[in-house]
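Visitor: As input, take upload-v4.csv (CSV, C-alpha atoms):
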chain,number,residue,atom,x,y,z
O,184,MET,CA,0.0,0.0,0.0
O,185,PHE,CA,1.3,3.5,-1.0
O,186,VAL,CA,0.5,6.7,0.8
O,187,PHE,CA,1.1,10.4,0.5
O,188,ILE,CA,2.0,12.0,3.8
O,189,TYR,CA,1.0,15.6,4.4
O,190,ILE,CA,3.4,17.5,6.7
O,191,THR,CA,3.3,21.3,7.5
O,192,ALA,CA,6.5,23.2,8.2
O,193,ARG,CA,7.3,26.7,9.6
O,194,ASP,CA,9.1,28.0,6.6
O,195,PHE,CA,10.7,26.9,3.3
O,196,GLU,CA,14.0,26.1,4.9
O,197,GLU,CA,12.3,23.7,7.4
O,198,ALA,CA,10.2,22.1,4.6
O,199,ARG,CA,13.4,21.4,2.6
O,200,LYS,CA,15.2,20.1,5.7
O,201,ILE,CA,12.4,17.7,6.4
O,202,ALA,CA,12.2,16.5,2.8
O,203,ARG,CA,16.0,16.1,2.5
O,204,HIS,CA,16.2,14.2,5.8
O,205,LEU,CA,13.6,11.7,4.8
O,206,LEU,CA,15.1,11.4,1.3
O,207,GLU,CA,18.6,10.8,2.7
O,208,LYS,CA,17.2,8.0,5.0
O,209,LYS,CA,15.4,6.5,1.9
O,210,LEU,CA,12.1,6.8,3.8
O,211,ILE,CA,10.4,8.6,0.9
O,212,ALA,CA,10.9,8.6,-2.9
O,213,CYS,CA,9.8,12.2,-3.5
O,214,ALA,CA,8.5,15.3,-1.9
O,215,ASN,CA,6.5,18.3,-3.2
O,216,ILE,CA,6.6,21.5,-1.2
O,217,PHE,CA,3.7,24.0,-1.4
O,218,PRO,CA,3.5,27.5,-0.1
O,219,VAL,CA,0.4,28.1,2.0
O,220,ARG,CA,-1.3,30.6,4.3
O,221,SER,CA,-2.5,28.9,7.5
O,222,MET,CA,-5.2,29.7,10.0
O,223,PHE,CA,-5.7,27.7,13.1
O,224,TRP,CA,-6.7,27.7,16.8
O,225,TRP,CA,-3.8,27.9,19.2
O,226,GLU,CA,-4.0,28.7,22.9
O,227,GLY,CA,-7.4,30.4,22.6
O,228,ASN,CA,-6.7,32.6,19.5
O,229,ILE,CA,-7.1,32.2,15.8
O,230,GLU,CA,-3.6,32.4,14.4
O,231,ASP,CA,-2.8,33.4,10.8
O,232,CYS,CA,0.7,32.8,9.2
O,233,ILE,CA,2.6,31.6,6.2
O,234,GLU,CA,3.7,27.9,6.2
O,235,PHE,CA,4.8,25.3,3.8
O,236,VAL,CA,3.2,21.9,3.2
O,237,VAL,CA,5.4,18.9,2.3
O,238,ILE,CA,3.7,16.1,0.5
O,239,CYS,CA,5.8,12.9,0.8
O,240,LYS,CA,5.3,9.9,-1.5
O,241,THR,CA,6.1,6.5,0.1
O,242,LYS,CA,5.0,3.1,1.3
O,243,ALA,CA,2.4,2.9,4.1
O,244,GLU,CA,4.7,0.7,6.3
O,245,LYS,CA,7.1,3.6,6.6
O,246,PHE,CA,4.7,5.9,8.4
O,247,LYS,CA,5.8,5.2,11.9
O,248,GLU,CA,9.5,5.7,11.2
O,249,ILE,CA,8.8,8.9,9.2
O,250,LYS,CA,6.7,10.3,12.1
O,251,GLU,CA,9.6,9.7,14.5
O,252,GLU,CA,12.2,11.2,12.2
O,253,VAL,CA,10.1,14.3,11.6
O,254,LYS,CA,9.4,14.8,15.3
O,255,LYS,CA,13.2,14.7,16.0
O,256,ILE,CA,13.9,17.7,13.6
O,257,HIS,CA,10.7,19.7,13.5
O,258,SER,CA,10.5,23.0,15.3
O,259,TYR,CA,6.8,22.5,16.2
O,260,GLU,CA,5.6,20.8,19.4
O,261,VAL,CA,2.7,19.2,17.5
O,262,PRO,CA,3.4,19.0,13.8
O,263,CYS,CA,0.7,18.0,11.3
O,264,ILE,CA,1.8,14.6,10.0
O,265,CYS,CA,-1.1,12.7,8.3
O,266,SER,CA,-1.2,10.0,5.6
O,267,PHE,CA,-3.7,9.4,2.8
O,268,VAL,CA,-4.0,6.1,0.9
O,269,VAL,CA,-3.3,6.0,-2.9
O,270,GLU,CA,-6.2,4.2,-4.4
O,271,GLU,CA,-4.7,3.6,-7.8
O,272,GLY,CA,-1.4,4.7,-9.4
O,273,LEU,CA,0.6,4.4,-12.6
O,274,ARG,CA,2.3,1.0,-12.2
O,275,GLU,CA,5.8,2.3,-13.2
O,276,PHE,CA,5.5,5.2,-10.7
O,277,LEU,CA,4.5,2.9,-7.8
O,278,ASP,CA,7.3,0.5,-8.8
O,279,TRP,CA,9.7,3.4,-8.6
O,280,ILE,CA,8.5,4.3,-5.0
O,281,GLU,CA,8.8,0.6,-4.1
O,282,LYS,CA,12.5,0.3,-5.2
O,283,THR,CA,13.5,3.8,-4.0
O,284,VAL,CA,12.1,3.5,-0.4
O,285,GLN,CA,14.2,1.1,1.7
Y,49,MET,CA,-12.2,9.3,12.0
Y,50,PHE,CA,-10.4,12.4,10.8
Y,51,VAL,CA,-10.7,14.0,7.4
Y,52,PHE,CA,-9.2,16.8,5.3
Y,53,ILE,CA,-11.8,18.8,3.5
Y,54,TYR,CA,-10.9,20.3,0.1
Y,55,ILE,CA,-12.8,23.5,-0.7
Y,56,THR,CA,-12.2,25.9,-3.6
Y,57,ALA,CA,-12.8,29.6,-3.3
Y,58,ARG,CA,-13.1,32.5,-5.8
Y,59,ASP,CA,-10.2,34.6,-4.3
Y,60,PHE,CA,-8.0,34.9,-1.3
Y,61,GLU,CA,-10.5,37.0,0.6
Y,62,GLU,CA,-13.2,34.3,0.2
Y,63,ALA,CA,-10.8,31.6,1.2
Y,64,ARG,CA,-10.0,33.4,4.4
Y,65,LYS,CA,-13.6,34.2,5.1
Y,66,ILE,CA,-14.5,30.5,4.8
Y,67,ALA,CA,-11.6,29.4,7.0
Y,68,ARG,CA,-12.3,32.0,9.6
Y,69,HIS,CA,-16.1,31.2,9.7
Y,70,LEU,CA,-15.4,27.5,10.2
Y,71,LEU,CA,-12.7,28.2,12.8
Y,72,GLU,CA,-15.0,30.6,14.8
Y,73,LYS,CA,-17.7,27.9,14.8
Y,74,LYS,CA,-15.1,25.3,16.0
Y,75,LEU,CA,-16.0,23.1,13.1
Y,76,ILE,CA,-12.3,22.8,12.1
Y,77,ALA,CA,-9.0,23.0,13.9
Y,78,CYS,CA,-6.9,24.3,11.1
Y,79,ALA,CA,-7.0,25.5,7.4
Y,80,ASN,CA,-4.2,25.7,4.8
Y,81,ILE,CA,-4.9,28.0,1.8
Y,82,PHE,CA,-3.2,27.3,-1.5
Y,83,PRO,CA,-3.2,29.6,-4.6
Y,84,VAL,CA,-4.1,27.7,-7.8
Y,85,ARG,CA,-4.9,28.1,-11.4
Y,86,SER,CA,-8.2,26.3,-12.3
Y,87,MET,CA,-9.5,24.9,-15.5
Y,88,PHE,CA,-13.0,23.4,-15.7
Y,89,TRP,CA,-16.1,22.9,-17.9
Y,90,TRP,CA,-18.8,25.5,-17.3
Y,91,GLU,CA,-21.9,26.1,-19.5
Y,92,GLY,CA,-20.2,24.5,-22.5
Y,93,ASN,CA,-16.8,26.2,-22.3
Y,94,ILE,CA,-13.5,25.4,-20.7
Y,95,GLU,CA,-13.0,28.2,-18.2
Y,96,ASP,CA,-9.5,29.2,-16.9
Y,97,CYS,CA,-9.1,31.3,-13.8
Y,98,ILE,CA,-7.2,31.9,-10.5
Y,99,GLU,CA,-8.8,30.3,-7.4
Y,100,PHE,CA,-7.7,29.4,-3.9
Y,101,VAL,CA,-8.0,25.9,-2.3
Y,102,VAL,CA,-8.8,25.7,1.4
Y,103,ILE,CA,-7.8,22.4,3.1
Y,104,CYS,CA,-9.6,22.0,6.4
Y,105,LYS,CA,-8.6,19.6,9.1
Y,106,THR,CA,-11.4,18.2,11.2
Y,107,LYS,CA,-13.4,15.2,12.3
Y,108,ALA,CA,-15.5,13.2,9.7
Y,109,GLU,CA,-18.7,13.7,11.7
Y,110,LYS,CA,-18.6,17.5,11.1
Y,111,PHE,CA,-18.8,17.2,7.3
Y,112,LYS,CA,-22.5,17.8,7.0
Y,113,GLU,CA,-22.5,20.9,9.2
Y,114,ILE,CA,-19.4,22.3,7.4
Y,115,LYS,CA,-21.0,21.7,4.0
Y,116,GLU,CA,-24.1,23.7,5.2
Y,117,GLU,CA,-22.1,26.5,6.7
Y,118,VAL,CA,-19.9,26.9,3.6
Y,119,LYS,CA,-22.9,26.9,1.2
Y,120,LYS,CA,-24.4,29.8,3.2
Y,121,ILE,CA,-21.4,32.1,2.7
Y,122,HIS,CA,-19.9,30.9,-0.6
Y,123,SER,CA,-20.2,33.0,-3.7
Y,124,TYR,CA,-20.4,29.9,-6.0
Y,125,GLU,CA,-23.6,28.1,-6.8
Y,126,VAL,CA,-21.9,24.7,-6.7
Y,127,PRO,CA,-18.7,24.9,-4.7
Y,128,CYS,CA,-16.2,22.0,-4.5
Y,129,ILE,CA,-16.5,20.6,-1.0
Y,130,CYS,CA,-15.0,17.1,-0.8
Y,131,SER,CA,-13.5,15.1,2.1
Y,132,PHE,CA,-10.6,12.7,2.3
Y,133,VAL,CA,-9.9,10.2,5.1
Y,134,VAL,CA,-6.8,10.4,7.1
Y,135,GLU,CA,-5.3,6.9,7.2
Y,136,GLU,CA,-2.8,7.5,10.0
Y,137,GLY,CA,-1.7,10.6,11.9
Y,138,LEU,CA,0.7,11.8,14.6
Y,139,ARG,CA,-1.3,10.9,17.8
Y,140,GLU,CA,-0.8,14.4,19.4
Y,141,PHE,CA,-1.9,16.1,16.2
Y,142,LEU,CA,-5.1,14.1,16.0
Y,143,ASP,CA,-5.7,14.7,19.7
Y,144,TRP,CA,-5.4,18.4,19.1
Y,145,ILE,CA,-8.1,18.2,16.3
Y,146,GLU,CA,-10.2,16.1,18.6
Y,147,LYS,CA,-10.2,18.7,21.5
Y,148,THR,CA,-10.3,21.8,19.2
Y,149,VAL,CA,-13.3,20.8,17.1
Y,150,GLN,CA,-16.6,20.9,19.1
I,6,MET,CA,-17.1,6.6,-6.7
I,7,PHE,CA,-15.3,9.9,-7.2
I,8,VAL,CA,-11.5,10.5,-7.1
I,9,PHE,CA,-9.0,13.3,-7.2
I,10,ILE,CA,-6.0,12.4,-9.3
I,11,TYR,CA,-2.6,13.9,-8.4
I,12,ILE,CA,-0.3,14.4,-11.4
I,13,THR,CA,3.0,16.2,-11.5
I,14,ALA,CA,4.2,18.2,-14.5
I,15,ARG,CA,7.6,19.7,-15.6
I,16,ASP,CA,6.3,23.3,-15.9
I,17,PHE,CA,3.2,25.4,-16.0
I,18,GLU,CA,2.7,24.9,-19.8
I,19,GLU,CA,2.8,21.1,-19.4
I,20,ALA,CA,0.4,21.2,-16.5
I,21,ARG,CA,-2.1,23.3,-18.6
I,22,LYS,CA,-1.6,21.0,-21.6
I,23,ILE,CA,-2.5,17.9,-19.5
I,24,ALA,CA,-5.5,19.6,-17.9
I,25,ARG,CA,-6.8,20.9,-21.2
I,26,HIS,CA,-6.3,17.5,-22.9
I,27,LEU,CA,-8.2,15.7,-20.2
I,28,LEU,CA,-11.0,18.4,-20.2
I,29,GLU,CA,-11.4,18.3,-24.0
I,30,LYS,CA,-11.8,14.5,-23.8
I,31,LYS,CA,-14.3,14.9,-21.0
I,32,LEU,CA,-12.3,12.6,-18.8
I,33,ILE,CA,-12.3,15.2,-15.9
I,34,ALA,CA,-14.6,18.0,-14.9
I,35,CYS,CA,-12.1,20.3,-13.3
I,36,ALA,CA,-8.3,20.7,-12.6
I,37,ASN,CA,-6.5,22.8,-10.1
I,38,ILE,CA,-2.8,23.6,-10.8
I,39,PHE,CA,-0.4,24.2,-7.9
I,40,PRO,CA,3.2,25.5,-8.1
I,41,VAL,CA,5.6,23.3,-6.1
I,42,ARG,CA,9.2,22.8,-5.3
I,43,SER,CA,10.1,19.1,-5.7
I,44,MET,CA,12.9,17.0,-4.2
I,45,PHE,CA,13.3,13.3,-5.2
I,46,TRP,CA,15.8,10.5,-5.8
I,47,TRP,CA,16.7,10.1,-9.5
I,48,GLU,CA,19.6,8.0,-10.8
I,49,GLY,CA,21.5,8.0,-7.5
I,50,ASN,CA,21.1,11.8,-6.7
I,51,ILE,CA,18.6,13.9,-4.8
I,52,GLU,CA,17.2,16.3,-7.4
I,53,ASP,CA,15.6,19.6,-6.6
I,54,CYS,CA,13.5,21.5,-9.1
I,55,ILE,CA,10.3,23.5,-9.7
I,56,GLU,CA,7.2,21.5,-10.8
I,57,PHE,CA,3.5,21.9,-11.0
I,58,VAL,CA,0.9,19.6,-9.5
I,59,VAL,CA,-2.4,19.1,-11.4
I,60,ILE,CA,-5.3,17.9,-9.2
I,61,CYS,CA,-8.0,16.4,-11.5
I,62,LYS,CA,-11.6,15.8,-10.3
I,63,THR,CA,-13.3,12.9,-11.9
I,64,LYS,CA,-15.0,9.5,-11.5
I,65,ALA,CA,-12.9,6.5,-10.4
I,66,GLU,CA,-13.8,4.5,-13.5
I,67,LYS,CA,-11.9,6.9,-15.7
I,68,PHE,CA,-8.5,6.3,-14.0
I,69,LYS,CA,-7.2,3.9,-16.6
I,70,GLU,CA,-8.1,6.0,-19.6
I,71,ILE,CA,-6.7,9.2,-17.9
I,72,LYS,CA,-3.4,7.3,-17.1
I,73,GLU,CA,-3.1,6.3,-20.8
I,74,GLU,CA,-3.9,9.8,-22.1
I,75,VAL,CA,-1.4,11.5,-19.8
I,76,LYS,CA,1.4,9.0,-20.6
I,77,LYS,CA,0.9,9.8,-24.3
I,78,ILE,CA,1.6,13.6,-23.9
I,79,HIS,CA,3.7,13.8,-20.7
I,80,SER,CA,7.4,14.7,-21.1
I,81,TYR,CA,8.4,12.4,-18.2
I,82,GLU,CA,9.3,8.7,-18.5
I,83,VAL,CA,7.6,7.9,-15.2
I,84,PRO,CA,5.0,10.6,-14.2
I,85,CYS,CA,3.3,10.7,-10.9
I,86,ILE,CA,-0.3,9.8,-11.5
I,87,CYS,CA,-2.1,8.7,-8.3
I,88,SER,CA,-5.7,8.8,-7.3
I,89,PHE,CA,-7.4,9.4,-3.9
I,90,VAL,CA,-11.0,8.5,-3.1
I,91,VAL,CA,-13.5,11.2,-2.1
I,92,GLU,CA,-15.1,10.1,1.1
I,93,GLU,CA,-17.9,12.6,1.1
I,94,GLY,CA,-18.8,15.5,-1.2
I,95,LEU,CA,-21.4,18.2,-1.7
I,96,ARG,CA,-24.1,16.4,-3.6
I,97,GLU,CA,-24.5,19.1,-6.3
I,98,PHE,CA,-20.8,19.1,-6.9
I,99,LEU,CA,-20.6,15.3,-7.3
I,100,ASP,CA,-23.6,15.5,-9.6
I,101,TRP,CA,-21.8,18.1,-11.7
I,102,ILE,CA,-18.7,15.8,-12.1
I,103,GLU,CA,-21.1,12.9,-12.9
I,104,LYS,CA,-22.8,14.8,-15.8
I,105,THR,CA,-19.6,16.5,-17.0
I,106,VAL,CA,-17.4,13.4,-17.3
I,107,GLN,CA,-18.4,11.1,-20.2
Output the file's structure as structure tokens, nothing else.

Guide:
Amino acid sequence: MFVFIYITARDFEEARKIARHLLEKKLIACANIFPVRSMFWWEGNIEDCIEFVVICKTKAEKFKEIKEEVKKIHSYEVPCICSFVVEEGLREFLDWIEKTVQ
Amino acid sequence: MFVFIYITARDFEEARKIARHLLEKKLIACANIFPVRSMFWWEGNIEDCIEFVVICKTKAEKFKEIKEEVKKIHSYEVPCICSFVVEEGLREFLDWIEKTVQ
Amino acid sequence: MFVFIYITARDFEEARKIARHLLEKKLIACANIFPVRSMFWWEGNIEDCIEFVVICKTKAEKFKEIKEEVKKIHSYEVPCICSFVVEEGLREFLDWIEKTVQ
């Protein structure tokens, strides 16, 4: 089973650091980084700031290890790390994830 | 069960208005707003315009109420409001959604 | 069943070309194009480049045909083409996909 993992980061540098760390450990095959504006409840106020979303492409079985690695290097106390199941994919692309992730 | 809800908006102001409205009602814990270029069929033509996508993080049971609240304030006749199930998530992050959404 | 299909493209022109091609063939009802920074393993190196992500909204049964059409016109040897199931959606929006996609 393949998943895309959605992770938010404080800024572009943190997003790249997370992506590079997971790539170097061969926990993901690819990451796409998106600039976003975020709004959320935090300590009784609605906060509004710029963030970056990192979408990581990998195998479902790596979720636990990815979660632990991201927590180690993330500047947030409670980072968003959520996975979504790929229903169908181009066979060659999934094979590439399969052989890239170790 | 936790979901991310994908909503499109006409412009950044509408995207923020939707996010703020849902946050104030404690229907979502967080929103990420993405700038996008959209292309779609509408009344027999392929339209092409700038839009904003709002990704809302919440509990699945809130979908119906969110749908109704968004329809009330959205400028579109038929807005895109679609949810996706979170397969796995960082426990502390899901707990934060759980206690923020009421 | 409805799905969002996540496709990456080399540049904005390729993203628009893919979206327009799938729209003209009535294989999708709508596409949202996102600018992203990508990092991935390719031939033993971590590559880093700008790409565009195309999110296509359609019916699950069209996945196979979309995959084949995208492969025909995509500049990549192994493009990312992955689908995600819509859990719930605004009824009118899903009806619009249903009648737009043929």

Visitor: Can you check which residues of chain Y have any atom within 12 Å of chain I? Use all atoms listed in the file and format it as a ChimeraX atom specification.

Guide: /Y:49-57,81-101,108-119,124-135

Visitor: Could you tell me how far atom CA of Gln150 of chain Y lies from atom CA of Leu75 of chain Y, in Å and to one decimal?

Guide: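 Calculated distance between atom CA of Gln150 of chain Y and atom CA of Leu75 of chain Y is 6.4 Å.
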
Visitor: Mind pulling up the distance from atom CA of Lys64 of chain I to atom CA of His26 of chain I?

Guide: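 Between atom CA of His26 of chain I and atom CA of Lys64 of chain I the gap works out to 16.4 Å.
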
Visitor: Please measure the separation of atom CA of Arg15 of chain I and atom CA of His79 of chain I, giving the value in Å to one decimal.

Guide: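 Between these atoms lies a distance of 8.7 Å.
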